[in-house]
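J.: Enclosed is the structure file run_2.cif (mmCIF, C-alpha atoms).
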data_run
loop_
_atom_site.label_atom_id
_atom_site.label_comp_id
_atom_site.auth_asym_id
_atom_site.auth_seq_id
_atom_site.Cartn_x
_atom_site.Cartn_y
_atom_site.Cartn_z
CA MET A 1 1.83 -23.25 -18.59
CA LYS A 2 -1.86 -23.24 -19.36
CA LEU A 3 -3.19 -23.08 -15.78
CA LEU A 4 -1.04 -20.04 -14.98
CA LYS A 5 -1.94 -18.18 -18.17
CA GLU A 6 -5.63 -18.72 -17.48
CA LYS A 7 -5.18 -17.44 -13.94
CA ILE A 8 -3.40 -14.33 -15.24
CA GLN A 9 -6.16 -13.72 -17.80
CA VAL A 10 -8.93 -14.12 -15.23
CA MET A 11 -7.36 -12.66 -12.08
CA GLY A 12 -4.52 -10.44 -13.33
CA ARG A 13 -4.96 -6.86 -14.37
CA ALA A 14 -2.82 -4.95 -16.82
CA VAL A 15 -2.80 -1.45 -15.34
CA ASP A 16 -1.01 -0.11 -18.43
CA SER A 17 1.49 -1.44 -20.98
CA ASP A 18 4.04 -1.99 -18.22
CA ILE A 19 2.41 -2.86 -14.88
CA LEU A 20 0.63 -6.17 -14.30
CA LYS A 21 -1.22 -6.60 -11.02
CA VAL A 22 -1.26 -10.20 -9.86
CA ASP A 23 -1.68 -9.44 -6.18
CA SER A 24 -4.79 -11.61 -5.90
CA PHE A 25 -2.80 -14.86 -6.30
CA LEU A 26 0.97 -14.26 -6.33
CA ASN A 27 2.28 -11.00 -4.89
CA HIS A 28 0.13 -10.26 -1.88
CA GLN A 29 -2.66 -12.80 -1.67
CA ILE A 30 -1.24 -16.24 -2.54
CA ASP A 31 -3.11 -19.17 -4.04
CA PRO A 32 -1.43 -22.20 -2.40
CA GLU A 33 -2.74 -24.75 -4.93
CA LEU A 34 -1.44 -22.69 -7.82
CA MET A 35 1.91 -22.39 -6.04
CA MET A 36 2.04 -26.17 -5.77
CA ALA A 37 1.31 -26.49 -9.50
CA LEU A 38 4.06 -23.96 -10.29
CA GLY A 39 6.49 -25.83 -8.04
CA GLU A 40 5.67 -29.11 -9.77
CA GLU A 41 6.23 -27.55 -13.17
CA PHE A 42 9.60 -26.07 -12.17
CA ALA A 43 10.60 -29.44 -10.71
CA ARG A 44 9.58 -31.21 -13.92
CA ARG A 45 11.53 -28.82 -16.14
CA PHE A 46 14.72 -28.96 -14.04
CA ALA A 47 14.46 -32.61 -12.99
CA GLN A 48 17.58 -33.64 -14.96
CA GLU A 49 19.82 -30.86 -13.65
CA GLY A 50 20.88 -32.42 -10.35
CA ILE A 51 19.76 -29.33 -8.44
CA THR A 52 21.01 -29.22 -4.83
CA LYS A 53 19.72 -25.78 -3.83
CA ILE A 54 17.11 -23.23 -4.82
CA ILE A 55 17.69 -19.55 -4.16
CA THR A 56 15.13 -16.77 -4.41
CA LEU A 57 14.54 -13.24 -3.18
CA GLU A 58 12.07 -12.20 -0.50
CA SER A 59 9.10 -12.00 -0.51
CA SER A 60 7.07 -13.04 -3.56
CA GLY A 61 9.56 -15.64 -4.77
CA ILE A 62 9.32 -17.65 -1.57
CA ALA A 63 6.03 -19.51 -2.14
CA PRO A 64 6.79 -20.93 -5.62
CA ALA A 65 10.42 -21.61 -4.61
CA VAL A 66 9.41 -23.61 -1.52
CA MET A 67 6.98 -25.71 -3.58
CA ALA A 68 9.71 -26.40 -6.16
CA GLY A 69 12.07 -27.29 -3.31
CA LEU A 70 9.50 -29.69 -1.89
CA LYS A 71 9.16 -31.44 -5.24
CA LEU A 72 12.91 -31.51 -5.97
CA GLY A 73 13.76 -32.49 -2.37
CA VAL A 74 16.20 -29.61 -1.85
CA PRO A 75 16.43 -26.64 0.54
CA VAL A 76 15.49 -23.10 -0.45
CA VAL A 77 17.41 -19.99 0.60
CA PHE A 78 15.85 -16.58 0.22
CA ALA A 79 18.15 -13.60 -0.17
CA LYS A 80 17.23 -10.79 2.19
CA LYS A 81 16.79 -7.15 1.34
CA GLN A 82 18.23 -6.11 4.70
CA LYS A 83 21.04 -7.76 6.58
CA PRO A 84 19.42 -9.23 9.72
CA SER A 85 20.94 -8.35 13.08
CA THR A 86 21.41 -12.06 13.79
CA MET A 87 23.37 -12.73 10.59
CA GLY A 88 27.07 -13.24 11.24
CA SER A 89 29.96 -11.91 9.20
CA GLY A 90 30.00 -14.40 6.33
CA PHE A 91 27.58 -13.42 3.60
CA PHE A 92 27.40 -12.65 -0.08
CA THR A 93 25.93 -9.37 -1.14
CA SER A 94 24.86 -7.78 -4.40
CA SER A 95 22.85 -4.82 -5.66
CA VAL A 96 19.47 -4.72 -7.39
CA HIS A 97 18.06 -1.79 -9.31
CA SER A 98 14.30 -1.48 -8.98
CA PHE A 99 12.89 0.16 -12.10
CA THR A 100 9.45 0.41 -10.48
CA LYS A 101 10.78 2.30 -7.49
CA GLN A 102 13.72 3.93 -9.30
CA LYS A 103 16.24 3.02 -6.64
CA ASN A 104 18.94 0.53 -5.78
CA TYR A 105 18.86 -1.84 -2.86
CA SER A 106 21.25 -4.46 -1.50
CA ILE A 107 20.47 -8.12 -1.08
CA CYS A 108 22.43 -10.56 1.06
CA LEU A 109 22.66 -14.30 1.49
CA SER A 110 24.62 -16.12 4.19
CA SER A 111 27.69 -17.95 2.90
CA SER A 112 26.76 -20.84 5.21
CA PHE A 113 24.00 -21.84 2.81
CA LEU A 114 25.63 -21.70 -0.62
CA LYS A 115 28.72 -23.77 -1.38
CA ASN A 116 30.92 -24.32 -4.42
CA THR A 117 29.55 -27.87 -4.68
CA ASP A 118 25.98 -26.59 -5.13
CA ARG A 119 24.01 -26.81 -8.36
CA VAL A 120 21.67 -23.86 -8.06
CA LEU A 121 18.22 -23.12 -9.43
CA ILE A 122 17.18 -19.47 -9.11
CA ILE A 123 13.43 -18.92 -8.82
CA ASP A 124 11.63 -15.59 -8.88
CA ASP A 125 8.09 -14.33 -9.40
CA PHE A 126 8.82 -11.78 -12.16
CA LEU A 127 11.47 -11.23 -14.80
CA ALA A 128 11.42 -7.76 -16.38
CA TYR A 129 14.74 -5.97 -16.80
CA GLY A 130 16.55 -8.82 -15.06
CA SER A 131 18.19 -6.84 -12.29
CA ALA A 132 17.09 -9.15 -9.45
CA ALA A 133 18.11 -12.22 -11.47
CA GLU A 134 21.52 -10.67 -12.24
CA ALA A 135 22.07 -9.98 -8.52
CA LEU A 136 21.22 -13.59 -7.62
CA ILE A 137 23.53 -14.84 -10.41
CA ASP A 138 26.25 -12.58 -8.98
CA ILE A 139 25.79 -14.29 -5.60
CA VAL A 140 25.98 -17.77 -7.21
CA THR A 141 29.22 -16.64 -8.91
CA GLN A 142 30.66 -15.29 -5.64
CA ALA A 143 29.95 -18.67 -4.03
CA ASP A 144 31.68 -20.37 -6.97
CA ALA A 145 28.58 -22.56 -7.29
CA HIS A 146 27.13 -23.91 -10.54
CA LEU A 147 24.11 -22.07 -11.97
CA ALA A 148 21.81 -24.72 -13.41
CA GLY A 149 19.10 -22.32 -14.54
CA ILE A 150 16.46 -19.77 -13.71
CA GLY A 151 12.77 -20.45 -13.18
CA ILE A 152 10.43 -17.48 -13.53
CA VAL A 153 6.70 -17.40 -12.88
CA ILE A 154 5.87 -14.43 -15.15
CA GLU A 155 8.28 -12.97 -17.68
CA LYS A 156 7.58 -9.62 -19.27
CA GLY A 157 8.77 -10.64 -22.72
CA PHE A 158 8.64 -7.06 -23.94
CA GLN A 159 11.36 -6.04 -21.51
CA LYS A 160 14.95 -7.00 -22.03
CA GLY A 161 15.81 -9.21 -19.02
CA GLY A 162 14.97 -12.59 -20.57
CA ALA A 163 16.83 -11.86 -23.82
CA LEU A 164 19.93 -10.65 -21.95
CA LEU A 165 20.07 -13.78 -19.78
CA ARG A 166 19.47 -16.19 -22.67
CA ALA A 167 22.18 -14.41 -24.69
CA LYS A 168 24.58 -15.50 -21.95
CA ASP A 169 23.51 -19.13 -22.51
CA ILE A 170 21.67 -19.25 -19.21
CA ARG A 171 18.69 -21.58 -19.21
CA VAL A 172 15.62 -19.46 -18.39
CA GLU A 173 12.31 -21.25 -17.97
CA SER A 174 9.37 -18.85 -17.66
CA LEU A 175 5.99 -20.41 -16.99
CA ALA A 176 4.17 -17.52 -18.69
CA ILE A 177 5.73 -14.97 -21.04
CA ILE A 178 3.74 -11.83 -21.74
CA GLU A 179 4.41 -10.60 -25.25
CA GLU A 180 2.44 -7.41 -24.99
CA MET A 181 -0.17 -5.84 -22.78
CA SER A 182 -2.33 -2.79 -22.50
CA GLU A 183 -5.18 -1.81 -20.19
CA ASN A 184 -7.26 -4.94 -19.65
CA ARG A 185 -5.58 -6.86 -22.50
CA ILE A 186 -2.82 -9.42 -22.02
CA LEU A 187 -1.19 -11.26 -24.92
CA PHE A 188 1.09 -14.24 -24.24
CA ARG A 189 4.03 -15.49 -26.28
CA ASP A 190 3.34 -19.04 -27.48
CA MET B 1 5.39 -30.93 17.85
CA LYS B 2 8.14 -33.50 18.18
CA LEU B 3 9.68 -33.16 14.69
CA LEU B 4 10.04 -29.39 15.08
CA LYS B 5 11.53 -29.58 18.57
CA GLU B 6 14.10 -32.10 17.35
CA LYS B 7 14.96 -29.84 14.42
CA ILE B 8 15.41 -26.89 16.78
CA GLN B 9 17.64 -28.96 19.10
CA VAL B 10 19.81 -30.24 16.24
CA MET B 11 19.88 -27.25 13.87
CA GLY B 12 18.96 -24.26 16.02
CA ARG B 13 21.44 -22.28 18.04
CA ALA B 14 20.73 -20.30 21.17
CA VAL B 15 23.09 -17.35 20.83
CA ASP B 16 22.24 -16.16 24.35
CA SER B 17 19.18 -16.31 26.66
CA ASP B 18 17.19 -14.26 24.15
CA ILE B 19 18.26 -14.92 20.54
CA LEU B 20 17.59 -18.23 18.81
CA LYS B 21 19.10 -18.72 15.38
CA VAL B 22 16.98 -20.97 13.17
CA ASP B 23 18.20 -19.58 9.88
CA SER B 24 19.22 -23.00 8.60
CA PHE B 25 15.62 -24.19 8.24
CA LEU B 26 13.10 -21.39 8.86
CA ASN B 27 14.32 -17.81 8.62
CA HIS B 28 16.77 -17.73 5.75
CA GLN B 29 17.31 -21.25 4.48
CA ILE B 30 13.95 -23.06 4.43
CA ASP B 31 13.37 -26.80 4.77
CA PRO B 32 10.35 -27.39 2.49
CA GLU B 33 9.47 -30.82 3.95
CA LEU B 34 9.46 -29.40 7.46
CA MET B 35 7.27 -26.51 6.24
CA MET B 36 4.80 -29.06 4.85
CA ALA B 37 4.76 -30.87 8.21
CA LEU B 38 4.15 -27.56 10.03
CA GLY B 39 1.36 -26.69 7.60
CA GLU B 40 -0.27 -30.07 8.16
CA GLU B 41 -0.08 -29.62 11.91
CA PHE B 42 -1.63 -26.13 11.79
CA ALA B 43 -4.38 -27.46 9.50
CA ARG B 44 -5.05 -30.34 11.90
CA ARG B 45 -5.28 -28.06 14.94
CA PHE B 46 -7.58 -25.52 13.26
CA ALA B 47 -9.58 -27.98 11.12
CA GLN B 48 -12.82 -27.34 13.04
CA GLU B 49 -12.66 -23.55 12.87
CA GLY B 50 -14.11 -23.00 9.39
CA ILE B 51 -11.06 -20.91 8.39
CA THR B 52 -11.57 -18.95 5.15
CA LYS B 53 -8.29 -17.01 5.10
CA ILE B 54 -4.78 -17.14 6.51
CA ILE B 55 -2.83 -13.95 7.06
CA THR B 56 0.86 -13.68 7.85
CA LEU B 57 3.68 -11.15 7.69
CA GLU B 58 6.51 -11.16 5.16
CA SER B 59 8.92 -12.90 4.93
CA SER B 60 9.50 -15.83 7.27
CA GLY B 61 5.81 -16.48 7.92
CA ILE B 62 5.07 -17.11 4.25
CA ALA B 63 6.35 -20.69 3.87
CA PRO B 64 4.49 -22.26 6.82
CA ALA B 65 1.39 -20.15 6.06
CA VAL B 66 1.25 -21.29 2.43
CA MET B 67 1.56 -24.94 3.46
CA ALA B 68 -1.25 -24.49 6.00
CA GLY B 69 -3.30 -22.77 3.30
CA LEU B 70 -2.71 -25.68 0.95
CA LYS B 71 -3.92 -28.16 3.56
CA LEU B 72 -6.93 -26.06 4.65
CA GLY B 73 -7.78 -25.15 1.05
CA VAL B 74 -7.79 -21.38 1.68
CA PRO B 75 -5.83 -18.39 0.33
CA VAL B 76 -2.98 -16.75 2.23
CA VAL B 77 -2.38 -13.01 2.38
CA PHE B 78 0.96 -11.69 3.60
CA ALA B 79 1.02 -8.21 5.12
CA LYS B 80 3.78 -6.07 3.62
CA LYS B 81 6.32 -4.02 5.48
CA GLN B 82 6.24 -1.34 2.79
CA LYS B 83 3.26 -0.18 0.80
CA PRO B 84 3.94 -1.31 -2.78
CA SER B 85 3.69 1.29 -5.55
CA THR B 86 1.08 -0.87 -7.29
CA MET B 87 -1.21 -1.05 -4.23
CA GLY B 88 -4.28 1.13 -4.58
CA SER B 89 -5.89 3.29 -1.94
CA GLY B 90 -7.82 0.68 0.03
CA PHE B 91 -5.68 -1.00 2.65
CA PHE B 92 -5.47 -1.67 6.35
CA THR B 93 -2.37 -0.56 8.17
CA SER B 94 -0.90 -1.09 11.61
CA SER B 95 2.36 -0.62 13.46
CA VAL B 96 4.83 -3.21 14.77
CA HIS B 97 7.55 -2.58 17.31
CA SER B 98 10.66 -4.64 16.68
CA PHE B 99 12.43 -5.29 19.97
CA THR B 100 15.42 -6.81 18.15
CA LYS B 101 15.93 -3.72 16.01
CA GLN B 102 14.49 -1.23 18.55
CA LYS B 103 12.29 0.51 16.03
CA ASN B 104 8.72 0.70 14.76
CA TYR B 105 7.62 -0.17 11.28
CA SER B 106 4.29 -0.12 9.47
CA ILE B 107 2.59 -3.09 7.87
CA CYS B 108 -0.21 -2.96 5.34
CA LEU B 109 -2.70 -5.34 3.82
CA SER B 110 -5.06 -4.60 0.95
CA SER B 111 -8.71 -4.35 1.96
CA SER B 112 -9.56 -6.33 -1.21
CA PHE B 113 -8.34 -9.51 0.46
CA LEU B 114 -9.88 -9.41 3.94
CA LYS B 115 -13.65 -9.15 4.38
CA ASN B 116 -16.03 -9.07 7.33
CA THR B 117 -17.23 -12.55 6.35
CA ASP B 118 -13.74 -14.04 6.77
CA ARG B 119 -12.73 -16.41 9.55
CA VAL B 120 -9.04 -15.69 9.89
CA LEU B 121 -6.08 -17.75 11.03
CA ILE B 122 -2.94 -15.71 11.71
CA ILE B 123 0.32 -17.61 11.19
CA ASP B 124 3.79 -16.38 12.05
CA ASP B 125 7.24 -17.87 12.52
CA PHE B 126 7.98 -16.42 15.98
CA LEU B 127 6.03 -15.15 18.95
CA ALA B 128 8.06 -13.18 21.48
CA TYR B 129 6.60 -9.90 22.78
CA GLY B 130 3.62 -10.29 20.46
CA SER B 131 3.91 -6.99 18.65
CA ALA B 132 3.61 -8.48 15.13
CA ALA B 133 0.67 -10.65 16.23
CA GLU B 134 -1.06 -7.61 17.80
CA ALA B 135 -0.64 -5.66 14.55
CA LEU B 136 -2.16 -8.51 12.52
CA ILE B 137 -5.03 -8.77 15.04
CA ASP B 138 -5.53 -5.01 14.67
CA ILE B 139 -5.89 -5.51 10.89
CA VAL B 140 -8.40 -8.35 11.40
CA THR B 141 -10.36 -6.02 13.70
CA GLN B 142 -10.25 -3.16 11.17
CA ALA B 143 -11.67 -5.56 8.56
CA ASP B 144 -14.39 -6.55 11.03
CA ALA B 145 -13.43 -10.16 10.32
CA HIS B 146 -13.52 -13.02 12.84
CA LEU B 147 -10.21 -14.04 14.41
CA ALA B 148 -10.28 -17.84 14.72
CA GLY B 149 -6.82 -18.18 16.20
CA ILE B 150 -3.09 -17.76 15.90
CA GLY B 151 -0.61 -20.43 14.78
CA ILE B 152 3.00 -19.88 15.74
CA VAL B 153 5.99 -21.99 14.75
CA ILE B 154 8.24 -21.08 17.69
CA GLU B 155 7.06 -19.27 20.80
CA LYS B 156 9.53 -17.80 23.24
CA GLY B 157 7.57 -18.80 26.32
CA PHE B 158 9.81 -16.70 28.56
CA GLN B 159 8.63 -13.53 26.85
CA LYS B 160 5.21 -12.09 27.46
CA GLY B 161 3.48 -12.23 24.04
CA GLY B 162 1.84 -15.63 24.41
CA ALA B 163 0.51 -14.92 27.90
CA LEU B 164 -0.92 -11.54 26.83
CA LEU B 165 -2.74 -13.04 23.85
CA ARG B 166 -4.11 -16.01 25.82
CA ALA B 167 -5.31 -13.63 28.55
CA LYS B 168 -7.55 -12.08 25.89
CA ASP B 169 -9.08 -15.51 25.22
CA ILE B 170 -7.37 -15.76 21.84
CA ARG B 171 -6.55 -19.30 20.82
CA VAL B 172 -2.77 -19.48 20.33
CA GLU B 173 -1.30 -22.73 19.03
CA SER B 174 2.49 -22.78 19.14
CA LEU B 175 4.18 -25.82 17.64
CA ALA B 176 7.20 -25.41 19.93
CA ILE B 177 7.37 -23.31 23.09
CA ILE B 178 10.79 -22.54 24.49
CA GLU B 179 10.67 -22.30 28.26
CA GLU B 180 14.22 -21.18 28.75
CA MET B 181 17.47 -21.05 26.85
CA SER B 182 21.09 -20.16 27.26
CA GLU B 183 24.13 -20.56 25.07
CA ASN B 184 23.82 -23.97 23.42
CA ARG B 185 21.00 -25.12 25.69
CA ILE B 186 17.33 -25.06 24.76
CA LEU B 187 14.59 -26.20 27.14
CA PHE B 188 11.04 -26.69 25.84
CA ARG B 189 7.77 -26.34 27.71
CA ASP B 190 5.91 -29.66 27.72
#
Any chance you could put this one into structure tokens?
T.:
Amino acid sequence: MKLLKEKIQVMGRAVDSDILKVDSFLNHQIDPELMMALGEEFARRFAQEGITKIITLESSGIAPAVMAGLKLGVPVVFAKKQKPSTMGSGFFTSSVHSFTKQKNYSICLSSSFLKNTDRVLIIDDFLAYGSAAEALIDIVTQADAHLAGIGIVIEKGFQKGGALLRAKDIRVESLAIIEEMSENRILFRD
Amino acid sequence: MKLLKEKIQVMGRAVDSDILKVDSFLNHQIDPELMMALGEEFARRFAQEGITKIITLESSGIAPAVMAGLKLGVPVVFAKKQKPSTMGSGFFTSSVHSFTKQKNYSICLSSSFLKNTDRVLIIDDFLAYGSAAEALIDIVTQADAHLAGIGIVIEKGFQKGGALLRAKDIRVESLAIIEEMSENRILFRD
């Protein structure tokens, strides 16, 4: 997606070959117009899939997911990193390994909002090793729902998550795939 | 705001006189069309304030804040509950007391994204005792920015946060104010 790649080139910053800072428009400060464009693009790509629900993970997945939900006319559910005190007993849970923070954390999603009749689109801001995506897929599986695909804003193509998911015949649509990066240099996959 | 009050009456659930569950459209599952309507209403109410930036707190404030940002044509920054490993040294920090969880937690916001020239609108999902709002105001003060007002989706009018903020001459616009509630009964302030 041209607009997104330009934004990454202009506003993103490759700290090293591994860490990309996009906190000026996606991860901390959010550019609402860009989010709308991302949502429209996700909606366009998954328009034929009969999506009934979008799920994402707090917090940076929420803005693009809500815009996609607006365009597809479906609700969004964000998995939580802590079980809220007001959440009842029925929920799905799974575990994510954060490579950045070198630790595991649990995510949970109320079983009230994901049914076996749902056709689910997973949306997230980043795809690197795929651990967050795998945890959301695990939750879709627990709900016995249908996984229609995964929409990613920025995929780190040099890490293995995307390849692992596609090898399982899961449709992964990444709006920008970074092939390689180094300090102040970002190269996209065509 | 009529649409929101109806949604709360139909889809919300007063667990007791204190806890309102709105996780089917705001706090866990999100209704994107409702978020757009909330964003439009915030934008309408603060249209004359020359807002340059919206700040909110992860996670449930993000969706309405991004929609308001879209309508006002300004960026949104969400304060984080944990300092990310990729955040540099310059950031504002403050402390929030959660009455639900009976504990304090820190929030932080990068100083790159809030300047003394900004006219700031704070948006959050709930206003109860006002601790989260006070922490965001503290950050606006640290940045020496101008606080234009606070937009709240649901205010618990029977708790003291709204009164405390208004007593300081801060403009607080709550789209629904709950006067009183008990199990399965929700009464709004006119």
J.: Got a sec: who's within 12 Å of A:Val77, counting all atoms listed in the file, leaving out chain neighbours fewer than 3 positions off, as a PyMOL selection string?
T.: (chain A and resi 52-59+61-63+65-66+69+74+80+108-114+120-124+136+139-140) or (chain B and resi 23-32+59-60+63)
J.: With only C-alpha atoms as the basis for distance, which of A:Leu34, A:Ile177, A:Ala14, A:Val76 is at the shortest distance from chain B?
T.: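 Among A:Leu34, A:Ile177, A:Ala14, A:Val76, it is A:Val76 that comes nearest to chain B.
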J.: What does the PyMOL selection byres ((chain A and resi 179-182) around 10) select in this file, as an MDAnalysis selection string?
T.: chainID A and resid 13:20 155:159 176:178 183:190
J.: So the first atom is atom CA of B:Gly130 and the second is atom CA of A:Phe91; what is the distance between them in Å, to one decimal place?
T.: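 One can read the atom CA of B:Gly130 to atom CA of A:Phe91 distance as 29.5 Å.
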J.: Which residues are near A:Val96? Cut-off 10 Å, only C-alpha atoms, ignore same chain within fewer than 2 positions. Put them as a VMD selection string.
T.: chain A and resid 81 94 98 to 99 103 to 107 130 to 136
J.: What does the file look like for those residues with C-alpha atoms, as an mmCIF file, keeping the file's coordinate frame?
T.:
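Here's the written file result-v9.cif:
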data_model
loop_
_atom_site.group_PDB
_atom_site.id
_atom_site.type_symbol
_atom_site.label_atom_id
_atom_site.label_comp_id
_atom_site.auth_asym_id
_atom_site.auth_seq_id
_atom_site.Cartn_x
_atom_site.Cartn_y
_atom_site.Cartn_z
ATOM 1 C CA LYS A 81 16.790 -7.150 1.340
ATOM 2 C CA SER A 94 24.860 -7.780 -4.400
ATOM 3 C CA SER A 98 14.300 -1.480 -8.980
ATOM 4 C CA PHE A 99 12.890 0.160 -12.100
ATOM 5 C CA LYS A 103 16.240 3.020 -6.640
ATOM 6 C CA ASN A 104 18.940 0.530 -5.780
ATOM 7 C CA TYR A 105 18.860 -1.840 -2.860
ATOM 8 C CA SER A 106 21.250 -4.460 -1.500
ATOM 9 C CA ILE A 107 20.470 -8.120 -1.080
ATOM 10 C CA GLY A 130 16.550 -8.820 -15.060
ATOM 11 C CA SER A 131 18.190 -6.840 -12.290
ATOM 12 C CA ALA A 132 17.090 -9.150 -9.450
ATOM 13 C CA ALA A 133 18.110 -12.220 -11.470
ATOM 14 C CA GLU A 134 21.520 -10.670 -12.240
ATOM 15 C CA ALA A 135 22.070 -9.980 -8.520
ATOM 16 C CA LEU A 136 21.220 -13.590 -7.620
#
J.: Go through the shown structure with the PyMOL selection byres ((chain A and resi 147) around 6) and write out the matching residues as a PDB file with C-alpha atoms, keeping the file's coordinate frame.
T.:
ATOM      1  CA  ARG A 119      24.010 -26.810  -8.360  1.00  0.00           C
ATOM      2  CA  VAL A 120      21.670 -23.860  -8.060  1.00  0.00           C
ATOM      3  CA  HIS A 146      27.130 -23.910 -10.540  1.00  0.00           C
ATOM      4  CA  ALA A 148      21.810 -24.720 -13.410  1.00  0.00           C
ATOM      5  CA  GLY A 149      19.100 -22.320 -14.540  1.00  0.00           C
TER       6      GLY A 149
END
J.: Using Å and a single decimal, report how far atom CA of B:Ala79 sits from atom CA of B:Gln142.
T.: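 These atoms are spaced 13.8 Å apart.
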J.: Work out how far apart atom CA of A:Leu127 and atom CA of A:Ile51 are and give it in Å to one decimal.
T.: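 Between these atoms lies a distance of 20.9 Å.
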J.: Using only C-alpha atoms, which of A:Gln82, A:Ser95, A:Thr100, A:Gln9 sits nearest chain B?
T.: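 Ranked by minimum distance to chain B, first place goes to A:Thr100.
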